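Student: Okay, here's the structure, questions in a sec.
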Amino acid sequence: MRMRIAFLVQGLEAARTRYRVLQYLPYFLESGVEARVFDVPREKRSKRRLFSSMEQYDVVILQKRLFGDRDFALLRKKANRLIFDVDDAVMEKLDDSPRKKHRRRYNFKRTVKECDLVFAGNAYLEKIVHDLGAPTVRVPTCVDLARYPLQKEISRTPEDHSIKIGWIGSRSNLPYLEALKPVFEQLGAGPVSMELHIICDTFFGDAGLPVIRKPWSLDQEVADLMELDIGLAPLPDNVWTRGKSATKVVQYLAAGMPVVCSPVGANAMIVQDGINGYYARSPKEWVEKTLRLAKNPEERFRMGMAGREIVEKNYSVQSLFPKVLCAVRSLAAQDGQAASNSFRQCSVALTRNNHDRPLVSVVIPAYNHEKFVLKAIESVMEQSCRSLELIVIDDGSTDQTAKVVRRACERYSGRIRFESRENRGLVRTLNEGIRLAKGKYWCQLASDDVMEQGNIARKVDFLEKYPLFHAVCSDAWVLESDGTRRRMLPQKAKPDPVKVEHPRDLFRTKLFFPSLLFRKVVFDLIGSFDESLRYYEDIEMKLRLLTTCRVGYLDEPLLTWRSHEGNTSLQTLLRRKERIIAYEKFFSNPAIRKYHLLRRRILGDEYYKYARLLIENRQTDPDHPISWYLFNSLTLHPFRPRGYYCLLKSSLLPLPRGRGASLP
């Protein structure tokens, strides 16, 4: 049975949530663990309602928050296993009154003692938790190295450009940097040209050398860091800073640059003096160590590579996740002490092999599209994605489609995997493509459609930056038969797949299904395409996807959908028929069955529209007579006068002999 875990956080956009929760989610999903993140509300009733729902999860991870006795007692009662994740000295706050300090320390001790396990962000916090007698493991704050491209060139010499020293952080920590103004004044008057880059949401004025203000944003964070030559991490020495997790130091080292830091708390654990950076205990040392690195590009490069190696081994998601997973699974099955031991003993690597595994798998199901399939293949092979596999499956074409694909395989020297077999239908072909795919991400492309340049790169970037999302879709161009193009989704119909707060929202969302890029593991979560639907697989899969997963949207036309002439009434009828099948399955779900009014409205409309199309097109249905669909429609939606007329017409006026046709 799939293990379920829940994270309780304070602010989905907070840095602590991004680094200690969100970036782990794709890895949990790949490992078969269902992980949910909940932003704890401040309103008491909503908070207690959330805590009461925690009994359905195997493990609950409380991220840093301290609660009063009543709230915590409810959470402890409902949570089967409870982990407290702490990466700051939350038991201390320097500006608190004595009464608040006492209350904060009491809440911290009670939380630590009553949790089954504690994840401590550094050695200082680990010792405090251990002294309280609670099982603990050290889980330092880490980064996802996939976001930090490795620099393999020695930085330019000081004569080529100004040395860029930099700092990244929040406004609450900016005073620590501002305290170095005397240092910056001396550096500004020194022999090396320097400029100070501040990556933050607020800044200070003149510092004695040029200040480059860079407002922090998630999209630009890594790019701004990669421009720097030297990272700065000043800290005063007190009970609060000793518990800090040194996230900025890990970021600097991941970006391949040396660090000059105060040897306080986790800074002293991560930075090795003279190996991957320097300690600076006084203004004089700050000036000397910074100047030394500024004058010596070879030393900067050597220290930067040494720092990158330390991050790869000890402070990356890739190295820490297997151990975290080991501890969580052990806790779910045993107890806190066993989980603590499992964490220390676990040394396995991630199950995936990043060298052999492609990043994205694209599947093209091809059937009788000899005129268009080459364009589809070329549009995929010209994508800028760094690691991609293309799988083309010929579904028993009777024209020259297979021959065209084989020529493309020769042209691209084995970069295309081609399968050709008898006709099995679109849905079975897509499921075969899912089974064959090896990539972390998966998408389909119809053999008569075209990917726009940057399609895959834009969508992969979105999913890498936002781990809470399981898939992402986009707008598309519609290519008419006369060569004109228009946007698929008009402005007034832009989708908002993120906000599916009620099942009725599923039927309002204008989501262009062929534009979706999935995390491959989503199919383990929701299953593959329903093979009882022969032609229109997207109807039922869309409902399952939006019910279970979060889907992002890029308001760009990243796909060209080709509109063919001669869309027959048979295709419209089949789509209506399979829509009914999909909706009937959806409303048979026990969790959805209780929405009686929604079921009556949706199914009543579908039965009626399908019956009218059958009458207008002189068609019959092999499963039921037309009157059966109309009767069900009127049972669910009795206030439709037109329905009674159609029912009477279908009963008294049978289809003329020789003109009626049966659906396949």
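Just so we're on the same page: first chain in the structure tokens is A, next is B, and so on; residues restart at 1 for each chain, and ligands are numbered from 1 in the order they show up.
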Within 6 Å of stretch 476-489 of chain A, counting only C-alpha atoms, which residues show up once you throw out same-chain ones fewer than 2 positions away? Write them as a PyMOL selection string, please.
Tutor: chain A and resi 557-563
Student: Pull all heavy atoms from the residues just selected and write them as a PDB file, in the first residue's frame.
Tutor:
ATOM      1  N   PRO A 557       1.470  30.072 -26.566  1.00  0.00           N
ATOM      2  CA  PRO A 557       1.141  29.016 -27.542  1.00  0.00           C
ATOM      3  C   PRO A 557       2.390  28.198 -27.874  1.00  0.00           C
ATOM      4  O   PRO A 557       3.175  28.564 -28.744  1.00  0.00           O
ATOM      5  CB  PRO A 557       0.633  29.802 -28.753  1.00  0.00           C
ATOM      6  CG  PRO A 557       1.296  31.137 -28.634  1.00  0.00           C
ATOM      7  CD  PRO A 557       1.510  31.407 -27.175  1.00  0.00           C
ATOM      8  N   LEU A 558       2.594  27.095 -27.187  1.00  0.00           N
ATOM      9  CA  LEU A 558       3.800  26.285 -27.332  1.00  0.00           C
ATOM     10  C   LEU A 558       3.580  25.045 -28.200  1.00  0.00           C
ATOM     11  O   LEU A 558       4.448  24.169 -28.255  1.00  0.00           O
ATOM     12  CB  LEU A 558       4.309  25.865 -25.945  1.00  0.00           C
ATOM     13  CG  LEU A 558       4.724  27.014 -25.021  1.00  0.00           C
ATOM     14  CD1 LEU A 558       5.121  26.490 -23.655  1.00  0.00           C
ATOM     15  CD2 LEU A 558       5.868  27.814 -25.638  1.00  0.00           C
ATOM     16  N   LEU A 559       2.432  24.964 -28.847  1.00  0.00           N
ATOM     17  CA  LEU A 559       2.102  23.824 -29.686  1.00  0.00           C
ATOM     18  C   LEU A 559       1.246  24.318 -30.850  1.00  0.00           C
ATOM     19  O   LEU A 559       0.476  25.266 -30.687  1.00  0.00           O
ATOM     20  CB  LEU A 559       1.328  22.775 -28.874  1.00  0.00           C
ATOM     21  CG  LEU A 559       1.034  21.432 -29.532  1.00  0.00           C
ATOM     22  CD1 LEU A 559       2.292  20.583 -29.578  1.00  0.00           C
ATOM     23  CD2 LEU A 559      -0.056  20.698 -28.762  1.00  0.00           C
ATOM     24  N   THR A 560       1.388  23.700 -32.011  1.00  0.00           N
ATOM     25  CA  THR A 560       0.511  24.002 -33.147  1.00  0.00           C
ATOM     26  C   THR A 560      -0.364  22.788 -33.420  1.00  0.00           C
ATOM     27  O   THR A 560       0.152  21.710 -33.727  1.00  0.00           O
ATOM     28  CB  THR A 560       1.319  24.353 -34.410  1.00  0.00           C
ATOM     29  OG1 THR A 560       2.058  25.559 -34.166  1.00  0.00           O
ATOM     30  CG2 THR A 560       0.389  24.580 -35.586  1.00  0.00           C
ATOM     31  N   TRP A 561      -1.662  22.976 -33.265  1.00  0.00           N
ATOM     32  CA  TRP A 561      -2.645  21.905 -33.475  1.00  0.00           C
ATOM     33  C   TRP A 561      -3.263  22.091 -34.849  1.00  0.00           C
ATOM     34  O   TRP A 561      -3.799  23.139 -35.163  1.00  0.00           O
ATOM     35  CB  TRP A 561      -3.704  21.965 -32.384  1.00  0.00           C
ATOM     36  CG  TRP A 561      -4.758  20.902 -32.472  1.00  0.00           C
ATOM     37  CD1 TRP A 561      -4.643  19.600 -32.077  1.00  0.00           C
ATOM     38  CD2 TRP A 561      -6.093  21.058 -32.967  1.00  0.00           C
ATOM     39  NE1 TRP A 561      -5.816  18.927 -32.293  1.00  0.00           N
ATOM     40  CE2 TRP A 561      -6.734  19.795 -32.844  1.00  0.00           C
ATOM     41  CE3 TRP A 561      -6.812  22.123 -33.504  1.00  0.00           C
ATOM     42  CZ2 TRP A 561      -8.049  19.589 -33.237  1.00  0.00           C
ATOM     43  CZ3 TRP A 561      -8.121  21.918 -33.908  1.00  0.00           C
ATOM     44  CH2 TRP A 561      -8.734  20.663 -33.765  1.00  0.00           C
ATOM     45  N   ARG A 562      -3.185  21.044 -35.669  1.00  0.00           N
ATOM     46  CA  ARG A 562      -3.627  21.139 -37.048  1.00  0.00           C
ATOM     47  C   ARG A 562      -5.111  20.790 -37.151  1.00  0.00           C
ATOM     48  O   ARG A 562      -5.531  19.711 -36.719  1.00  0.00           O
ATOM     49  CB  ARG A 562      -2.806  20.201 -37.926  1.00  0.00           C
ATOM     50  CG  ARG A 562      -2.846  20.519 -39.406  1.00  0.00           C
ATOM     51  CD  ARG A 562      -2.046  19.491 -40.176  1.00  0.00           C
ATOM     52  NE  ARG A 562      -0.650  19.495 -39.770  1.00  0.00           N
ATOM     53  CZ  ARG A 562       0.289  20.248 -40.313  1.00  0.00           C
ATOM     54  NH1 ARG A 562      -0.029  21.090 -41.276  1.00  0.00           N
ATOM     55  NH2 ARG A 562       1.538  20.168 -39.909  1.00  0.00           N
ATOM     56  N   SER A 563      -5.898  21.699 -37.700  1.00  0.00           N
ATOM     57  CA  SER A 563      -7.328  21.472 -37.886  1.00  0.00           C
ATOM     58  C   SER A 563      -7.559  20.920 -39.290  1.00  0.00           C
ATOM     59  O   SER A 563      -7.254  21.579 -40.288  1.00  0.00           O
ATOM     60  CB  SER A 563      -8.106  22.778 -37.705  1.00  0.00           C
ATOM     61  OG  SER A 563      -9.477  22.588 -37.964  1.00  0.00           O
TER      62      SER A 563
END
Student: So which residues touch stretch 369-374 of chain A within 6 Å, counting only C-alpha atoms, skipping near sequence neighbours fewer than 5 positions away, as a PyMOL selection string?
Tutor: chain A and resi 400-401+447-448
Student: Take the residues just selected and output them with N, CA, C and O atoms as an mmCIF file, in the first residue's frame.
Tutor:
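Output saved as result.cif:
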data_model
loop_
_atom_site.group_PDB
_atom_site.id
_atom_site.type_symbol
_atom_site.label_atom_id
_atom_site.label_comp_id
_atom_site.auth_asym_id
_atom_site.auth_seq_id
_atom_site.Cartn_x
_atom_site.Cartn_y
_atom_site.Cartn_z
ATOM 1 N N GLN A 400 2.218 5.475 -46.258
ATOM 2 C CA GLN A 400 3.684 5.447 -46.214
ATOM 3 C C GLN A 400 4.247 6.025 -44.908
ATOM 4 O O GLN A 400 5.423 6.401 -44.855
ATOM 5 N N THR A 401 3.427 6.096 -43.860
ATOM 6 C CA THR A 401 3.889 6.694 -42.595
ATOM 7 C C THR A 401 5.127 5.980 -42.057
ATOM 8 O O THR A 401 6.108 6.621 -41.655
ATOM 9 N N SER A 447 0.851 12.958 -34.412
ATOM 10 C CA SER A 447 1.746 12.914 -35.575
ATOM 11 C C SER A 447 1.413 13.970 -36.617
ATOM 12 O O SER A 447 2.154 14.124 -37.593
ATOM 13 N N ASP A 448 0.313 14.704 -36.437
ATOM 14 C CA ASP A 448 0.004 15.796 -37.365
ATOM 15 C C ASP A 448 0.120 17.159 -36.696
ATOM 16 O O ASP A 448 -0.268 18.177 -37.276
#
Student: Got a sec to tell me which of stretch 407-560 of chain A DSSP assigns to strand (DSSP E or B), as a count of residues only?
Tutor: 37
Student: Could you work out how far atom CA of A:Asn173 lies from atom CA of A:Ser217, giving the answer in Å with one decimal?
Tutor: 16.9 Å
Student: So that I can see what lies close to A:Phe639, please list as a list in words the residues with an atom at most 12 Å from it, counting only C-alpha atoms and leaving out residues fewer than 3 positions away in the same chain.
Tutor: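 Once the adjacent positions are removed, what remains is Arg600, Arg601, Gly604, Asp605, Ser633, Leu634, Thr635, Leu636, Arg642, Gly643 and Tyr644 of chain A.
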Student: Can those selected residues be exported to a file as a CSV table (one decimal), in the first residue's frame so that it contains all heavy atoms?
Tutor:
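To be explicit, this is the file written out as part24.csv:
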chain,number,residue,atom,x,y,z
A,600,ARG,N,-26.6,15.2,-11.6
A,600,ARG,CA,-27.8,15.3,-12.4
A,600,ARG,C,-27.7,16.3,-13.6
A,600,ARG,O,-28.1,16.0,-14.7
A,600,ARG,CB,-29.0,15.7,-11.5
A,600,ARG,CG,-29.4,14.6,-10.5
A,600,ARG,CD,-30.3,15.2,-9.4
A,600,ARG,NE,-31.6,15.7,-10.0
A,600,ARG,CZ,-32.7,14.9,-10.1
A,600,ARG,NH1,-32.6,13.7,-9.6
A,600,ARG,NH2,-33.8,15.4,-10.6
A,601,ARG,N,-27.0,17.4,-13.3
A,601,ARG,CA,-26.9,18.4,-14.3
A,601,ARG,C,-26.0,17.9,-15.4
A,601,ARG,O,-26.3,18.1,-16.6
A,601,ARG,CB,-26.4,19.7,-13.7
A,601,ARG,CG,-26.2,20.8,-14.7
A,601,ARG,CD,-25.8,22.1,-14.0
A,601,ARG,NE,-24.5,22.1,-13.4
A,601,ARG,CZ,-23.4,22.3,-14.1
A,601,ARG,NH1,-23.4,22.5,-15.4
A,601,ARG,NH2,-22.2,22.2,-13.5
A,604,GLY,N,-27.3,14.6,-17.2
A,604,GLY,CA,-28.6,14.9,-17.9
A,604,GLY,C,-28.3,15.6,-19.2
A,604,GLY,O,-28.9,15.3,-20.2
A,605,ASP,N,-27.4,16.6,-19.1
A,605,ASP,CA,-27.1,17.3,-20.4
A,605,ASP,C,-26.4,16.4,-21.4
A,605,ASP,O,-26.7,16.5,-22.6
A,605,ASP,CB,-26.1,18.5,-20.0
A,605,ASP,CG,-26.8,19.7,-19.3
A,605,ASP,OD1,-28.1,19.7,-19.4
A,605,ASP,OD2,-26.2,20.6,-18.8
A,633,SER,N,-32.1,11.2,-19.4
A,633,SER,CA,-31.9,12.7,-19.4
A,633,SER,C,-33.0,13.3,-18.7
A,633,SER,O,-32.8,14.2,-17.8
A,633,SER,CB,-31.7,13.2,-20.8
A,633,SER,OG,-31.7,14.6,-20.8
A,634,LEU,N,-34.3,12.9,-19.0
A,634,LEU,CA,-35.4,13.6,-18.3
A,634,LEU,C,-35.6,13.1,-16.9
A,634,LEU,O,-36.1,13.9,-16.0
A,634,LEU,CB,-36.7,13.2,-19.1
A,634,LEU,CG,-36.7,13.8,-20.5
A,634,LEU,CD1,-37.9,13.2,-21.3
A,634,LEU,CD2,-36.9,15.3,-20.4
A,635,THR,N,-35.1,12.0,-16.5
A,635,THR,CA,-35.1,11.5,-15.1
A,635,THR,C,-34.2,12.4,-14.3
A,635,THR,O,-34.5,12.8,-13.2
A,635,THR,CB,-34.7,10.1,-15.0
A,635,THR,OG1,-35.6,9.2,-15.8
A,635,THR,CG2,-34.7,9.6,-13.6
A,636,LEU,N,-33.0,12.7,-14.9
A,636,LEU,CA,-32.1,13.5,-14.2
A,636,LEU,C,-32.4,15.0,-14.2
A,636,LEU,O,-32.1,15.8,-13.3
A,636,LEU,CB,-30.6,13.3,-14.7
A,636,LEU,CG,-30.1,11.9,-14.5
A,636,LEU,CD1,-28.9,11.7,-15.4
A,636,LEU,CD2,-29.8,11.6,-13.1
A,642,ARG,N,-38.0,20.5,-24.4
A,642,ARG,CA,-37.5,20.0,-25.6
A,642,ARG,C,-37.2,18.5,-25.5
A,642,ARG,O,-37.3,17.8,-26.5
A,642,ARG,CB,-36.2,20.8,-26.0
A,642,ARG,CG,-35.6,20.4,-27.4
A,642,ARG,CD,-36.5,20.9,-28.5
A,642,ARG,NE,-35.9,20.5,-29.8
A,642,ARG,CZ,-36.4,20.7,-31.0
A,642,ARG,NH1,-37.7,21.2,-31.0
A,642,ARG,NH2,-35.8,20.3,-32.1
A,643,GLY,N,-36.8,18.1,-24.3
A,643,GLY,CA,-36.5,16.6,-24.2
A,643,GLY,C,-37.7,15.8,-24.4
A,643,GLY,O,-37.6,14.7,-24.9
A,644,TYR,N,-38.9,16.2,-23.9
A,644,TYR,CA,-40.1,15.4,-24.1
A,644,TYR,C,-40.4,15.3,-25.6
A,644,TYR,O,-40.9,14.3,-26.1
A,644,TYR,CB,-41.2,16.0,-23.3
A,644,TYR,CG,-41.0,16.0,-21.8
A,644,TYR,CD1,-40.5,17.0,-21.1
A,644,TYR,CD2,-41.3,14.8,-21.1
A,644,TYR,CE1,-40.3,17.0,-19.8
A,644,TYR,CE2,-41.1,14.7,-19.7
A,644,TYR,CZ,-40.6,15.8,-19.1
A,644,TYR,OH,-40.4,15.8,-17.7
Student: Interatomic distance between atom CA of A:Tyr24 and atom CA of A:Leu331?
Tutor: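 Computing the Euclidean distance for atom CA of A:Tyr24 and atom CA of A:Leu331 yields 17.7 Å.
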Student: Any chance you could tabulate, as a Markdown table, the residues of stretch 470-547 of chain A at most 12 Å from stretch 404-426 of chain A with each one's nearest atom pair and distance in Å to one decimal, using only C-alpha atoms, in chain and rising number order?
Tutor:
| residue | atom | partner | partner_atom | distance |
| --- | --- | --- | --- | --- |
| A:Phe529 | CA | A:Leu426 | CA | 10.0 |
| A:Asp530 | CA | A:Leu426 | CA | 10.9 |
| A:Glu531 | CA | A:Gly425 | CA | 9.1 |
| A:Ser532 | CA | A:Gly425 | CA | 10.8 |
| A:Leu533 | CA | A:Leu426 | CA | 9.4 |
| A:Arg534 | CA | A:Gly425 | CA | 6.5 |
| A:Tyr535 | CA | A:Leu426 | CA | 6.3 |
| A:Tyr536 | CA | A:Leu426 | CA | 8.5 |
| A:Glu537 | CA | A:Leu426 | CA | 8.1 |
| A:Asp538 | CA | A:Leu426 | CA | 10.9 |
Student: Next, write the just-selected residues to a file, as a PDB file, in the first residue's frame, keeping N, CA and C atoms as the atom set.
Tutor:
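Saved file result08.pdb follows:
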ATOM      1  N   PHE A 529      -3.949   5.582 -19.302  1.00  0.00           N
ATOM      2  CA  PHE A 529      -5.173   5.942 -20.021  1.00  0.00           C
ATOM      3  C   PHE A 529      -6.167   4.776 -19.994  1.00  0.00           C
ATOM      4  N   ASP A 530      -7.440   5.111 -19.948  1.00  0.00           N
ATOM      5  CA  ASP A 530      -8.513   4.116 -19.867  1.00  0.00           C
ATOM      6  C   ASP A 530      -8.736   3.483 -21.243  1.00  0.00           C
ATOM      7  N   GLU A 531      -8.431   2.184 -21.357  1.00  0.00           N
ATOM      8  CA  GLU A 531      -8.503   1.518 -22.658  1.00  0.00           C
ATOM      9  C   GLU A 531      -9.928   1.141 -23.058  1.00  0.00           C
ATOM     10  N   SER A 532     -10.908   1.400 -22.199  1.00  0.00           N
ATOM     11  CA  SER A 532     -12.299   1.194 -22.611  1.00  0.00           C
ATOM     12  C   SER A 532     -12.771   2.329 -23.519  1.00  0.00           C
ATOM     13  N   LEU A 533     -12.002   3.428 -23.573  1.00  0.00           N
ATOM     14  CA  LEU A 533     -12.292   4.541 -24.484  1.00  0.00           C
ATOM     15  C   LEU A 533     -11.409   4.376 -25.706  1.00  0.00           C
ATOM     16  N   ARG A 534     -12.010   4.280 -26.871  1.00  0.00           N
ATOM     17  CA  ARG A 534     -11.249   3.930 -28.069  1.00  0.00           C
ATOM     18  C   ARG A 534     -10.546   5.118 -28.713  1.00  0.00           C
ATOM     19  N   TYR A 535     -11.166   6.305 -28.624  1.00  0.00           N
ATOM     20  CA  TYR A 535     -10.663   7.428 -29.413  1.00  0.00           C
ATOM     21  C   TYR A 535     -10.328   8.666 -28.573  1.00  0.00           C
ATOM     22  N   TYR A 536     -11.124   8.959 -27.589  1.00  0.00           N
ATOM     23  CA  TYR A 536     -11.003  10.240 -26.882  1.00  0.00           C
ATOM     24  C   TYR A 536     -10.561   9.995 -25.443  1.00  0.00           C
ATOM     25  N   GLU A 537      -9.266   9.680 -25.316  1.00  0.00           N
ATOM     26  CA  GLU A 537      -8.689   9.306 -24.020  1.00  0.00           C
ATOM     27  C   GLU A 537      -8.579  10.479 -23.060  1.00  0.00           C
ATOM     28  N   ASP A 538      -8.567  11.708 -23.595  1.00  0.00           N
ATOM     29  CA  ASP A 538      -8.295  12.865 -22.754  1.00  0.00           C
ATOM     30  C   ASP A 538      -9.451  13.227 -21.839  1.00  0.00           C
TER      31      ASP A 538
END
Student: Near A:Ser387, within 7 Å and counting only C-alpha atoms, which residues show up once chain neighbours fewer than 6 positions away are dropped, as a list in words?
Tutor: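 Skipping anything fewer than 6 positions along the chain leaves Pro358, Leu359 and Val360 of chain A.
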Student: Let me make sure I understand: among A:His637, A:Lys78, A:Arg65, A:His502, which one has the smallest atom-to-atom distance to A:Ser52 if we use only C-alpha atoms?
Tutor: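 Of all the options, A:Lys78 lies closest to A:Ser52.
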